[in-house]
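Chemist: So that you have it, the file is entry35.cif, and it contains mmCIF, N, CA and C atoms and all ligand atoms:
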```
data_target
loop_
_atom_site.group_PDB
_atom_site.id
_atom_site.type_symbol
_atom_site.label_atom_id
_atom_site.label_comp_id
_atom_site.auth_asym_id
_atom_site.auth_seq_id
_atom_site.Cartn_x
_atom_site.Cartn_y
_atom_site.Cartn_z
ATOM 1 N N MET M 21 20.442 0.725 3.052
ATOM 2 C CA MET M 21 19.435 -0.195 2.514
ATOM 3 C C MET M 21 18.066 0.506 2.511
ATOM 4 N N PRO M 22 17.317 0.396 1.415
ATOM 5 C CA PRO M 22 16.009 1.063 1.390
ATOM 6 C C PRO M 22 15.094 0.595 2.524
ATOM 7 N N LYS M 23 14.352 1.534 3.029
ATOM 8 C CA LYS M 23 13.373 1.232 4.076
ATOM 9 C C LYS M 23 11.973 1.308 3.472
ATOM 10 N N ILE M 24 11.147 0.340 3.828
ATOM 11 C CA ILE M 24 9.764 0.324 3.343
ATOM 12 C C ILE M 24 8.841 0.253 4.545
ATOM 13 N N THR M 25 7.792 1.063 4.517
ATOM 14 C CA THR M 25 6.834 1.063 5.617
ATOM 15 C C THR M 25 5.505 0.509 5.140
ATOM 16 N N PHE M 26 4.980 -0.433 5.905
ATOM 17 C CA PHE M 26 3.676 -1.036 5.626
ATOM 18 C C PHE M 26 2.704 -0.559 6.704
ATOM 19 N N ILE M 27 1.563 -0.066 6.282
ATOM 20 C CA ILE M 27 0.547 0.385 7.241
ATOM 21 C C ILE M 27 -0.702 -0.452 7.029
ATOM 22 N N ASP M 28 -1.184 -1.059 8.097
ATOM 23 C CA ASP M 28 -2.371 -1.911 7.947
ATOM 24 C C ASP M 28 -3.657 -1.097 8.130
ATOM 25 N N VAL M 29 -4.813 -1.772 7.967
ATOM 26 C CA VAL M 29 -6.091 -1.051 8.021
ATOM 27 C C VAL M 29 -6.353 -0.418 9.382
ATOM 28 N N ALA M 30 -5.733 -0.987 10.426
ATOM 29 C CA ALA M 30 -5.908 -0.422 11.767
ATOM 30 C C ALA M 30 -4.996 0.781 11.989
ATOM 31 N N GLY M 31 -4.101 1.045 11.011
ATOM 32 C CA GLY M 31 -3.202 2.184 11.135
ATOM 33 C C GLY M 31 -1.860 1.819 11.749
ATOM 34 N N THR M 32 -1.653 0.521 12.008
ATOM 35 C CA THR M 32 -0.373 0.095 12.577
ATOM 36 C C THR M 32 0.696 0.124 11.498
ATOM 37 N N SER M 33 1.799 0.747 11.822
ATOM 38 C CA SER M 33 2.875 0.957 10.867
ATOM 39 C C SER M 33 4.065 0.063 11.205
ATOM 40 N N ARG M 34 4.591 -0.601 10.181
ATOM 41 C CA ARG M 34 5.779 -1.451 10.368
ATOM 42 C C ARG M 34 6.792 -1.100 9.302
ATOM 43 N N SER M 35 8.002 -0.768 9.712
ATOM 44 C CA SER M 35 9.060 -0.429 8.753
ATOM 45 C C SER M 35 10.097 -1.544 8.719
ATOM 46 N N VAL M 36 10.509 -1.888 7.504
ATOM 47 C CA VAL M 36 11.509 -2.947 7.349
ATOM 48 C C VAL M 36 12.614 -2.451 6.418
ATOM 49 N N ASP M 37 13.798 -3.034 6.589
ATOM 50 C CA ASP M 37 14.902 -2.766 5.662
ATOM 51 C C ASP M 37 14.818 -3.788 4.541
ATOM 52 N N ALA M 38 14.891 -3.328 3.305
ATOM 53 C CA ALA M 38 14.713 -4.219 2.163
ATOM 54 C C ALA M 38 15.925 -4.128 1.238
ATOM 55 N N PRO M 39 16.673 -5.221 1.102
ATOM 56 C CA PRO M 39 17.836 -5.176 0.206
ATOM 57 C C PRO M 39 17.421 -4.888 -1.239
ATOM 58 N N VAL M 40 18.242 -4.136 -1.938
ATOM 59 C CA VAL M 40 18.009 -3.876 -3.359
ATOM 60 C C VAL M 40 17.986 -5.223 -4.088
ATOM 61 N N GLY M 41 17.015 -5.385 -4.975
ATOM 62 C CA GLY M 41 16.888 -6.631 -5.725
ATOM 63 C C GLY M 41 15.761 -7.507 -5.210
ATOM 64 N N TRP M 42 15.373 -7.303 -3.936
ATOM 65 C CA TRP M 42 14.195 -7.985 -3.431
ATOM 66 C C TRP M 42 12.971 -7.320 -4.043
ATOM 67 N N THR M 43 11.810 -7.909 -3.789
ATOM 68 C CA THR M 43 10.566 -7.217 -4.118
ATOM 69 C C THR M 43 9.950 -6.720 -2.812
ATOM 70 N N VAL M 44 9.006 -5.808 -2.949
ATOM 71 C CA VAL M 44 8.314 -5.288 -1.760
ATOM 72 C C VAL M 44 7.589 -6.440 -1.047
ATOM 73 N N MET M 45 7.045 -7.375 -1.829
ATOM 74 C CA MET M 45 6.387 -8.550 -1.230
ATOM 75 C C MET M 45 7.372 -9.343 -0.384
ATOM 76 N N GLU M 46 8.560 -9.615 -0.917
ATOM 77 C CA GLU M 46 9.571 -10.380 -0.166
ATOM 78 C C GLU M 46 9.951 -9.664 1.118
ATOM 79 N N ALA M 47 10.087 -8.356 1.039
ATOM 80 C CA ALA M 47 10.449 -7.578 2.224
ATOM 81 C C ALA M 47 9.395 -7.749 3.311
ATOM 82 N N ALA M 48 8.123 -7.840 2.899
ATOM 83 C CA ALA M 48 7.042 -8.024 3.876
ATOM 84 C C ALA M 48 7.065 -9.435 4.444
ATOM 85 N N VAL M 49 7.086 -10.413 3.554
ATOM 86 C CA VAL M 49 6.977 -11.812 3.992
ATOM 87 C C VAL M 49 8.173 -12.206 4.867
ATOM 88 N N LYS M 50 9.376 -11.822 4.448
ATOM 89 C CA LYS M 50 10.573 -12.228 5.193
ATOM 90 C C LYS M 50 10.674 -11.514 6.535
ATOM 91 N N ASN M 51 9.910 -10.456 6.715
ATOM 92 C CA ASN M 51 9.902 -9.749 7.999
ATOM 93 C C ASN M 51 8.600 -9.963 8.762
ATOM 94 N N ASN M 52 7.835 -10.973 8.324
ATOM 95 C CA ASN M 52 6.576 -11.316 8.995
ATOM 96 C C ASN M 52 5.606 -10.156 9.109
ATOM 97 N N VAL M 53 5.576 -9.315 8.088
ATOM 98 C CA VAL M 53 4.592 -8.233 8.067
ATOM 99 C C VAL M 53 3.238 -8.856 7.723
ATOM 100 N N PRO M 54 2.231 -8.671 8.577
ATOM 101 C CA PRO M 54 0.932 -9.272 8.277
ATOM 102 C C PRO M 54 0.209 -8.524 7.153
ATOM 103 N N GLY M 55 -0.765 -9.197 6.549
ATOM 104 C CA GLY M 55 -1.608 -8.522 5.554
ATOM 105 C C GLY M 55 -1.205 -8.791 4.126
ATOM 106 N N ILE M 56 -0.106 -9.516 3.927
ATOM 107 C CA ILE M 56 0.321 -9.885 2.581
ATOM 108 C C ILE M 56 0.491 -11.399 2.562
ATOM 109 N N GLU M 57 -0.319 -12.073 1.754
ATOM 110 C CA GLU M 57 -0.300 -13.540 1.760
ATOM 111 C C GLU M 57 0.670 -14.105 0.725
ATOM 112 N N ALA M 58 0.698 -13.528 -0.457
ATOM 113 C CA ALA M 58 1.650 -13.952 -1.496
ATOM 114 C C ALA M 58 1.589 -15.446 -1.779
ATOM 115 N N GLU M 59 0.391 -15.946 -2.015
ATOM 116 C CA GLU M 59 0.192 -17.393 -2.202
ATOM 117 C C GLU M 59 1.018 -17.986 -3.337
ATOM 118 N N CYS M 60 1.227 -17.230 -4.391
ATOM 119 C CA CYS M 60 1.946 -17.802 -5.549
ATOM 120 C C CYS M 60 3.455 -17.609 -5.434
ATOM 121 N N GLY M 61 3.893 -16.978 -4.378
ATOM 122 C CA GLY M 61 5.336 -16.837 -4.169
ATOM 123 C C GLY M 61 5.999 -15.795 -5.050
ATOM 124 N N GLY M 62 5.210 -14.937 -5.657
ATOM 125 C CA GLY M 62 5.805 -13.844 -6.425
ATOM 126 C C GLY M 62 5.746 -14.024 -7.927
ATOM 127 N N ALA M 63 4.923 -14.972 -8.382
ATOM 128 C CA ALA M 63 4.845 -15.270 -9.821
ATOM 129 C C ALA M 63 3.805 -14.432 -10.557
ATOM 130 N N CYS M 64 3.245 -13.445 -9.881
ATOM 131 C CA CYS M 64 2.195 -12.607 -10.481
ATOM 132 C C CYS M 64 1.005 -13.460 -10.911
ATOM 133 N N ALA M 65 0.618 -14.404 -10.053
ATOM 134 C CA ALA M 65 -0.445 -15.335 -10.413
ATOM 135 C C ALA M 65 -1.493 -15.519 -9.319
ATOM 136 N N CYS M 66 -1.510 -14.623 -8.315
ATOM 137 C CA CYS M 66 -2.491 -14.849 -7.243
ATOM 138 C C CYS M 66 -3.196 -13.566 -6.777
ATOM 139 N N ALA M 67 -2.567 -12.442 -6.868
ATOM 140 C CA ALA M 67 -3.129 -11.161 -6.427
ATOM 141 C C ALA M 67 -3.349 -11.076 -4.919
ATOM 142 N N THR M 68 -2.680 -11.945 -4.146
ATOM 143 C CA THR M 68 -2.822 -11.848 -2.683
ATOM 144 C C THR M 68 -1.629 -11.110 -2.051
ATOM 145 N N CYS M 69 -0.955 -10.343 -2.867
ATOM 146 C CA CYS M 69 0.129 -9.483 -2.345
ATOM 147 C C CYS M 69 -0.223 -8.024 -2.642
ATOM 148 N N HIS M 70 -1.525 -7.777 -2.784
ATOM 149 C CA HIS M 70 -2.062 -6.462 -3.144
ATOM 150 C C HIS M 70 -1.729 -5.413 -2.080
ATOM 151 N N VAL M 71 -1.260 -4.266 -2.526
ATOM 152 C CA VAL M 71 -1.027 -3.129 -1.624
ATOM 153 C C VAL M 71 -1.500 -1.843 -2.308
ATOM 154 N N TYR M 72 -1.678 -0.820 -1.504
ATOM 155 C CA TYR M 72 -1.958 0.522 -2.010
ATOM 156 C C TYR M 72 -0.714 1.373 -1.798
ATOM 157 N N VAL M 73 -0.202 1.913 -2.885
ATOM 158 C CA VAL M 73 0.997 2.748 -2.811
ATOM 159 C C VAL M 73 0.580 4.158 -2.406
ATOM 160 N N GLU M 74 1.228 4.712 -1.388
ATOM 161 C CA GLU M 74 0.873 6.066 -0.961
ATOM 162 C C GLU M 74 1.124 7.059 -2.086
ATOM 163 N N GLU M 75 0.203 7.952 -2.255
ATOM 164 C CA GLU M 75 0.141 8.844 -3.424
ATOM 165 C C GLU M 75 1.483 9.471 -3.839
ATOM 166 N N PRO M 76 2.259 10.048 -2.929
ATOM 167 C CA PRO M 76 3.505 10.700 -3.385
ATOM 168 C C PRO M 76 4.487 9.720 -4.043
ATOM 169 N N TRP M 77 4.304 8.434 -3.814
ATOM 170 C CA TRP M 77 5.241 7.437 -4.331
ATOM 171 C C TRP M 77 4.803 6.847 -5.665
ATOM 172 N N MET M 78 3.606 7.166 -6.084
ATOM 173 C CA MET M 78 3.050 6.533 -7.288
ATOM 174 C C MET M 78 3.952 6.701 -8.510
ATOM 175 N N GLU M 79 4.455 7.912 -8.692
ATOM 176 C CA GLU M 79 5.247 8.180 -9.883
ATOM 177 C C GLU M 79 6.578 7.419 -9.852
ATOM 178 N N ILE M 80 7.185 7.369 -8.690
ATOM 179 C CA ILE M 80 8.479 6.686 -8.571
ATOM 180 C C ILE M 80 8.306 5.179 -8.745
ATOM 181 N N VAL M 81 7.254 4.645 -8.158
ATOM 182 C CA VAL M 81 7.011 3.201 -8.271
ATOM 183 C C VAL M 81 6.633 2.839 -9.710
ATOM 184 N N GLY M 82 5.849 3.672 -10.335
ATOM 185 C CA GLY M 82 5.507 3.449 -11.740
ATOM 186 C C GLY M 82 4.220 2.664 -11.939
ATOM 187 N N GLU M 83 3.863 2.534 -13.194
ATOM 188 C CA GLU M 83 2.616 1.847 -13.566
ATOM 189 C C GLU M 83 2.825 0.336 -13.598
ATOM 190 N N PRO M 84 1.762 -0.422 -13.342
ATOM 191 C CA PRO M 84 1.907 -1.877 -13.477
ATOM 192 C C PRO M 84 2.111 -2.301 -14.936
ATOM 193 N N GLN M 85 2.872 -3.349 -15.120
ATOM 194 C CA GLN M 85 3.022 -3.956 -16.448
ATOM 195 C C GLN M 85 1.715 -4.661 -16.807
ATOM 196 N N PRO M 86 1.488 -4.939 -18.111
ATOM 197 C CA PRO M 86 0.202 -5.537 -18.517
ATOM 198 C C PRO M 86 -0.170 -6.802 -17.755
ATOM 199 N N MET M 87 0.796 -7.683 -17.516
ATOM 200 C CA MET M 87 0.468 -8.934 -16.809
ATOM 201 C C MET M 87 -0.021 -8.642 -15.387
ATOM 202 N N GLU M 88 0.651 -7.694 -14.740
ATOM 203 C CA GLU M 88 0.239 -7.318 -13.384
ATOM 204 C C GLU M 88 -1.140 -6.662 -13.419
ATOM 205 N N ALA M 89 -1.369 -5.808 -14.396
ATOM 206 C CA ALA M 89 -2.664 -5.122 -14.493
ATOM 207 C C ALA M 89 -3.795 -6.138 -14.647
ATOM 208 N N ASP M 90 -3.572 -7.184 -15.450
ATOM 209 C CA ASP M 90 -4.588 -8.234 -15.611
ATOM 210 C C ASP M 90 -4.854 -8.942 -14.289
ATOM 211 N N MET M 91 -3.781 -9.263 -13.583
ATOM 212 C CA MET M 91 -3.932 -9.999 -12.324
ATOM 213 C C MET M 91 -4.569 -9.127 -11.249
ATOM 214 N N LEU M 92 -4.319 -7.821 -11.308
ATOM 215 C CA LEU M 92 -4.905 -6.910 -10.310
ATOM 216 C C LEU M 92 -6.430 -6.961 -10.315
ATOM 217 N N ASP M 93 -7.012 -7.330 -11.463
ATOM 218 C CA ASP M 93 -8.473 -7.433 -11.539
ATOM 219 C C ASP M 93 -9.028 -8.437 -10.532
ATOM 220 N N PHE M 94 -8.173 -9.354 -10.074
ATOM 221 C CA PHE M 94 -8.623 -10.365 -9.114
ATOM 222 C C PHE M 94 -8.485 -9.885 -7.671
ATOM 223 N N ALA M 95 -7.880 -8.740 -7.476
ATOM 224 C CA ALA M 95 -7.739 -8.200 -6.124
ATOM 225 C C ALA M 95 -9.050 -7.560 -5.695
ATOM 226 N N SER M 96 -9.358 -7.647 -4.405
ATOM 227 C CA SER M 96 -10.582 -7.005 -3.940
ATOM 228 C C SER M 96 -10.295 -5.541 -3.600
ATOM 229 N N ASP M 97 -11.349 -4.723 -3.742
ATOM 230 C CA ASP M 97 -11.262 -3.292 -3.443
ATOM 231 C C ASP M 97 -10.098 -2.618 -4.182
ATOM 232 N N LEU M 98 -10.135 -2.810 -5.492
ATOM 233 C CA LEU M 98 -9.113 -2.226 -6.359
ATOM 234 C C LEU M 98 -9.224 -0.698 -6.369
ATOM 235 N N ARG M 99 -8.098 -0.026 -6.278
ATOM 236 C CA ARG M 99 -8.074 1.449 -6.334
ATOM 237 C C ARG M 99 -7.019 1.892 -7.353
ATOM 238 N N SER M 100 -7.020 3.186 -7.624
ATOM 239 C CA SER M 100 -6.100 3.682 -8.650
ATOM 240 C C SER M 100 -4.638 3.518 -8.233
ATOM 241 N N ASN M 101 -4.398 3.391 -6.935
ATOM 242 C CA ASN M 101 -3.018 3.224 -6.469
ATOM 243 C C ASN M 101 -2.713 1.785 -6.067
ATOM 244 N N SER M 102 -3.542 0.847 -6.576
ATOM 245 C CA SER M 102 -3.312 -0.568 -6.288
ATOM 246 C C SER M 102 -2.120 -1.087 -7.070
ATOM 247 N N ARG M 103 -1.295 -1.906 -6.396
ATOM 248 C CA ARG M 103 -0.198 -2.609 -7.068
ATOM 249 C C ARG M 103 -0.050 -3.979 -6.425
ATOM 250 N N LEU M 104 0.554 -4.888 -7.177
ATOM 251 C CA LEU M 104 0.931 -6.171 -6.592
ATOM 252 C C LEU M 104 2.365 -6.015 -6.091
ATOM 253 N N SER M 105 2.535 -6.245 -4.790
ATOM 254 C CA SER M 105 3.842 -5.928 -4.195
ATOM 255 C C SER M 105 4.956 -6.838 -4.694
ATOM 256 N N CYS M 106 4.603 -7.999 -5.268
ATOM 257 C CA CYS M 106 5.667 -8.873 -5.796
ATOM 258 C C CYS M 106 6.205 -8.339 -7.113
ATOM 259 N N GLN M 107 5.542 -7.344 -7.670
ATOM 260 C CA GLN M 107 5.993 -6.776 -8.942
ATOM 261 C C GLN M 107 6.676 -5.426 -8.746
ATOM 262 N N ILE M 108 6.869 -5.021 -7.488
ATOM 263 C CA ILE M 108 7.608 -3.787 -7.213
ATOM 264 C C ILE M 108 8.997 -4.169 -6.732
ATOM 265 N N LYS M 109 9.981 -3.900 -7.549
ATOM 266 C CA LYS M 109 11.374 -4.211 -7.200
ATOM 267 C C LYS M 109 11.915 -3.178 -6.222
ATOM 268 N N VAL M 110 12.652 -3.641 -5.254
ATOM 269 C CA VAL M 110 13.320 -2.718 -4.342
ATOM 270 C C VAL M 110 14.549 -2.135 -5.054
ATOM 271 N N ARG M 111 14.597 -0.835 -5.107
ATOM 272 C CA ARG M 111 15.751 -0.126 -5.682
ATOM 273 C C ARG M 111 15.990 1.112 -4.830
ATOM 274 N N PRO M 112 17.174 1.699 -4.932
ATOM 275 C CA PRO M 112 17.504 2.814 -4.034
ATOM 276 C C PRO M 112 16.471 3.938 -4.074
ATOM 277 N N GLU M 113 15.878 4.168 -5.238
ATOM 278 C CA GLU M 113 14.925 5.280 -5.388
ATOM 279 C C GLU M 113 13.676 5.122 -4.521
ATOM 280 N N ILE M 114 13.357 3.900 -4.138
ATOM 281 C CA ILE M 114 12.116 3.742 -3.360
ATOM 282 C C ILE M 114 12.378 3.740 -1.848
ATOM 283 N N ASP M 115 13.570 4.144 -1.451
ATOM 284 C CA ASP M 115 13.856 4.251 -0.014
ATOM 285 C C ASP M 115 12.837 5.182 0.634
ATOM 286 N N GLY M 116 12.130 4.688 1.636
ATOM 287 C CA GLY M 116 11.119 5.480 2.323
ATOM 288 C C GLY M 116 9.701 5.195 1.862
ATOM 289 N N LEU M 117 9.588 4.296 0.891
ATOM 290 C CA LEU M 117 8.271 3.955 0.334
ATOM 291 C C LEU M 117 7.264 3.582 1.430
ATOM 292 N N VAL M 118 6.044 4.071 1.261
ATOM 293 C CA VAL M 118 4.972 3.727 2.192
ATOM 294 C C VAL M 118 3.852 3.060 1.400
ATOM 295 N N VAL M 119 3.471 1.864 1.815
ATOM 296 C CA VAL M 119 2.333 1.181 1.200
ATOM 297 C C VAL M 119 1.347 0.784 2.291
ATOM 298 N N HIS M 120 0.089 0.690 1.882
ATOM 299 C CA HIS M 120 -0.957 0.281 2.818
ATOM 300 C C HIS M 120 -1.450 -1.106 2.427
ATOM 301 N N THR M 121 -1.661 -1.961 3.415
ATOM 302 C CA THR M 121 -2.192 -3.285 3.101
ATOM 303 C C THR M 121 -3.724 -3.209 3.153
ATOM 304 N N PRO M 122 -4.388 -3.975 2.270
ATOM 305 C CA PRO M 122 -5.854 -3.909 2.224
ATOM 306 C C PRO M 122 -6.508 -4.658 3.386
ATOM 307 N N GLU M 123 -7.803 -4.461 3.520
ATOM 308 C CA GLU M 123 -8.530 -5.115 4.614
ATOM 309 C C GLU M 123 -8.426 -6.637 4.491
ATOM 310 N N ARG M 124 -8.508 -7.112 3.240
ATOM 311 C CA ARG M 124 -8.312 -8.560 3.034
ATOM 312 C C ARG M 124 -7.691 -8.775 1.674
ATOM 313 N N GLN M 125 -7.085 -9.945 1.509
ATOM 314 C CA GLN M 125 -6.452 -10.304 0.249
ATOM 315 C C GLN M 125 -7.353 -11.275 -0.513
ATOM 316 N N GLY M 126 -7.364 -11.157 -1.829
ATOM 317 C CA GLY M 126 -8.093 -12.110 -2.670
ATOM 318 C C GLY M 126 -9.568 -11.870 -2.723
HETATM 319 FE FE1 LIG U 1 1.157 -13.803 -6.134
HETATM 320 FE FE2 LIG U 1 2.198 -11.349 -6.048
HETATM 321 S S1 LIG U 1 2.636 -13.006 -4.770
HETATM 322 S S2 LIG U 1 0.745 -12.128 -7.420
#
```
Can you turn what I pasted into C-alpha cells?
Ligand code: FES

Modeler:
Amino acid sequence: MPKITFIDVAGTSRSVDAPVGWTVMEAAVKNNVPGIEAECGGACACATCHVYVEEPWMEIVGEPQPMEADMLDFASDLRSNSRLSCQIKVRPEIDGLVVHTPERQG
C-alpha cells in the first residue's frame, strides 16, 4: 500500500498507509493527521486541504486541473508546489510521497 508522509510547519513528520483510490486528503483525515481541514469533504470547493508537494514528487503528482487551479487561489501562502490534497489520487506511483502542510488553511 502506498505510504504518504505529511510534515507540518514544526517539522513533525507523520507517515500513513493510503489505499489506492483514496485521495491524499482522505489519507490525512482518516488517520487524524493535523493541518488539513478539508471543509468541503473533497469537492474541490474549499481550499482547506492545501499542501505543498516536495519538489522531487512534483512531476509524478502532476499539474492541477483547471478547477483545482482556480480554487487554489483561495489558499493562503500559495507556492509553485501548492496542490489541493483532495485532488491528488493515491496510486502506486506516489508511494513514498512527501507533502508539507501549511501554517494555516484558508
Ligand atoms: Fe475542499 Fe479539498 S477538501 S478543496

Chemist: Which residues, named as in the file, does the PyMOL selection byres (((not hetatm)) within 5 of (chain U and resi 1)) pick out? Answer as a short mmCIF file (atom, residue, chain, number, x, y, z; two decimals) with N, CA and C atoms, in the frame of the given file.

Modeler:
```cif
data_model
loop_
_atom_site.label_atom_id
_atom_site.label_comp_id
_atom_site.auth_asym_id
_atom_site.auth_seq_id
_atom_site.Cartn_x
_atom_site.Cartn_y
_atom_site.Cartn_z
N ALA M 58 0.70 -13.53 -0.46
CA ALA M 58 1.65 -13.95 -1.50
C ALA M 58 1.59 -15.45 -1.78
N GLU M 59 0.39 -15.95 -2.02
CA GLU M 59 0.19 -17.39 -2.20
C GLU M 59 1.02 -17.99 -3.34
N CYS M 60 1.23 -17.23 -4.39
CA CYS M 60 1.95 -17.80 -5.55
C CYS M 60 3.46 -17.61 -5.43
N GLY M 61 3.89 -16.98 -4.38
CA GLY M 61 5.34 -16.84 -4.17
C GLY M 61 6.00 -15.80 -5.05
N GLY M 62 5.21 -14.94 -5.66
CA GLY M 62 5.80 -13.84 -6.42
C GLY M 62 5.75 -14.02 -7.93
N ALA M 63 4.92 -14.97 -8.38
CA ALA M 63 4.84 -15.27 -9.82
C ALA M 63 3.80 -14.43 -10.56
N CYS M 64 3.24 -13.44 -9.88
CA CYS M 64 2.19 -12.61 -10.48
C CYS M 64 1.00 -13.46 -10.91
N ALA M 65 0.62 -14.40 -10.05
CA ALA M 65 -0.44 -15.34 -10.41
C ALA M 65 -1.49 -15.52 -9.32
N CYS M 66 -1.51 -14.62 -8.32
CA CYS M 66 -2.49 -14.85 -7.24
C CYS M 66 -3.20 -13.57 -6.78
N ALA M 67 -2.57 -12.44 -6.87
CA ALA M 67 -3.13 -11.16 -6.43
C ALA M 67 -3.35 -11.08 -4.92
N THR M 68 -2.68 -11.94 -4.15
CA THR M 68 -2.82 -11.85 -2.68
C THR M 68 -1.63 -11.11 -2.05
N CYS M 69 -0.96 -10.34 -2.87
CA CYS M 69 0.13 -9.48 -2.35
C CYS M 69 -0.22 -8.02 -2.64
N CYS M 106 4.60 -8.00 -5.27
CA CYS M 106 5.67 -8.87 -5.80
C CYS M 106 6.20 -8.34 -7.11
#
```

Chemist: Using the chain letters and numbers from the file, give me the residues hit by the PyMOL selection byres (((chain M and resi 41-55) around 6.5) and not hetatm), as a short mmCIF file (atom, residue, chain, number, x, y, z; two decimals) with N, CA and C atoms, in the coordinates of the input.

Modeler:
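What follows is the written file selection_9.cif:
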```cif
data_model
loop_
_atom_site.label_atom_id
_atom_site.label_comp_id
_atom_site.auth_asym_id
_atom_site.auth_seq_id
_atom_site.Cartn_x
_atom_site.Cartn_y
_atom_site.Cartn_z
N ASP M 37 13.80 -3.03 6.59
CA ASP M 37 14.90 -2.77 5.66
C ASP M 37 14.82 -3.79 4.54
N ALA M 38 14.89 -3.33 3.30
CA ALA M 38 14.71 -4.22 2.16
C ALA M 38 15.92 -4.13 1.24
N PRO M 39 16.67 -5.22 1.10
CA PRO M 39 17.84 -5.18 0.21
C PRO M 39 17.42 -4.89 -1.24
N VAL M 40 18.24 -4.14 -1.94
CA VAL M 40 18.01 -3.88 -3.36
C VAL M 40 17.99 -5.22 -4.09
N ILE M 56 -0.11 -9.52 3.93
CA ILE M 56 0.32 -9.88 2.58
C ILE M 56 0.49 -11.40 2.56
N GLU M 57 -0.32 -12.07 1.75
CA GLU M 57 -0.30 -13.54 1.76
C GLU M 57 0.67 -14.10 0.72
N CYS M 69 -0.96 -10.34 -2.87
CA CYS M 69 0.13 -9.48 -2.35
C CYS M 69 -0.22 -8.02 -2.64
N LEU M 104 0.55 -4.89 -7.18
CA LEU M 104 0.93 -6.17 -6.59
C LEU M 104 2.37 -6.02 -6.09
N SER M 105 2.54 -6.24 -4.79
CA SER M 105 3.84 -5.93 -4.20
C SER M 105 4.96 -6.84 -4.69
N CYS M 106 4.60 -8.00 -5.27
CA CYS M 106 5.67 -8.87 -5.80
C CYS M 106 6.20 -8.34 -7.11
N GLN M 107 5.54 -7.34 -7.67
CA GLN M 107 5.99 -6.78 -8.94
C GLN M 107 6.68 -5.43 -8.75
N ILE M 108 6.87 -5.02 -7.49
CA ILE M 108 7.61 -3.79 -7.21
C ILE M 108 9.00 -4.17 -6.73
N LYS M 109 9.98 -3.90 -7.55
CA LYS M 109 11.37 -4.21 -7.20
C LYS M 109 11.92 -3.18 -6.22
N VAL M 110 12.65 -3.64 -5.25
CA VAL M 110 13.32 -2.72 -4.34
C VAL M 110 14.55 -2.13 -5.05
N ARG M 111 14.60 -0.84 -5.11
CA ARG M 111 15.75 -0.13 -5.68
C ARG M 111 15.99 1.11 -4.83
N THR M 121 -1.66 -1.96 3.42
CA THR M 121 -2.19 -3.28 3.10
C THR M 121 -3.72 -3.21 3.15
N PRO M 122 -4.39 -3.98 2.27
CA PRO M 122 -5.85 -3.91 2.22
C PRO M 122 -6.51 -4.66 3.39
#
```

Chemist: Enclose stretch 84-102 of chain M, meaning all of its atoms listed in the file, in a box aligned along x, y and z, pad it by 8 Å on each side, and list the centre and edge lengths in Å to one decimal, as lines of an AutoDock Vina configuration file.

Modeler:
```
center_x = -4.2
center_y = -3.3
center_z = -11.0
size_x = 30.4
size_y = 30.0
size_z = 31.1
```

Chemist: Mind listing the helix (DSSP H, G or I) residues of chain M, per DSSP on the backbone, as JSON, numbers by chain?

Modeler: {"M": [44, 45, 46, 47, 48, 49, 50, 75, 76, 77, 78, 79, 80, 81, 86, 87, 88, 89, 90, 91, 92, 105, 106, 107, 112, 113, 114]}

Chemist: On this structure, which residues satisfy the PyMOL selection byres (((chain M and resi 89-92) around 8) and not hetatm), written as a ChimeraX atom specification?

Modeler: /M:64-68,70,83-88,93-96,98,102-104

Chemist: Distance atom C of M:Ile80-atom N of M:Ile114, one decimal place?

Modeler: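 We find that atom C of M:Ile80 and atom N of M:Ile114 lie 7.0 Å from each other.
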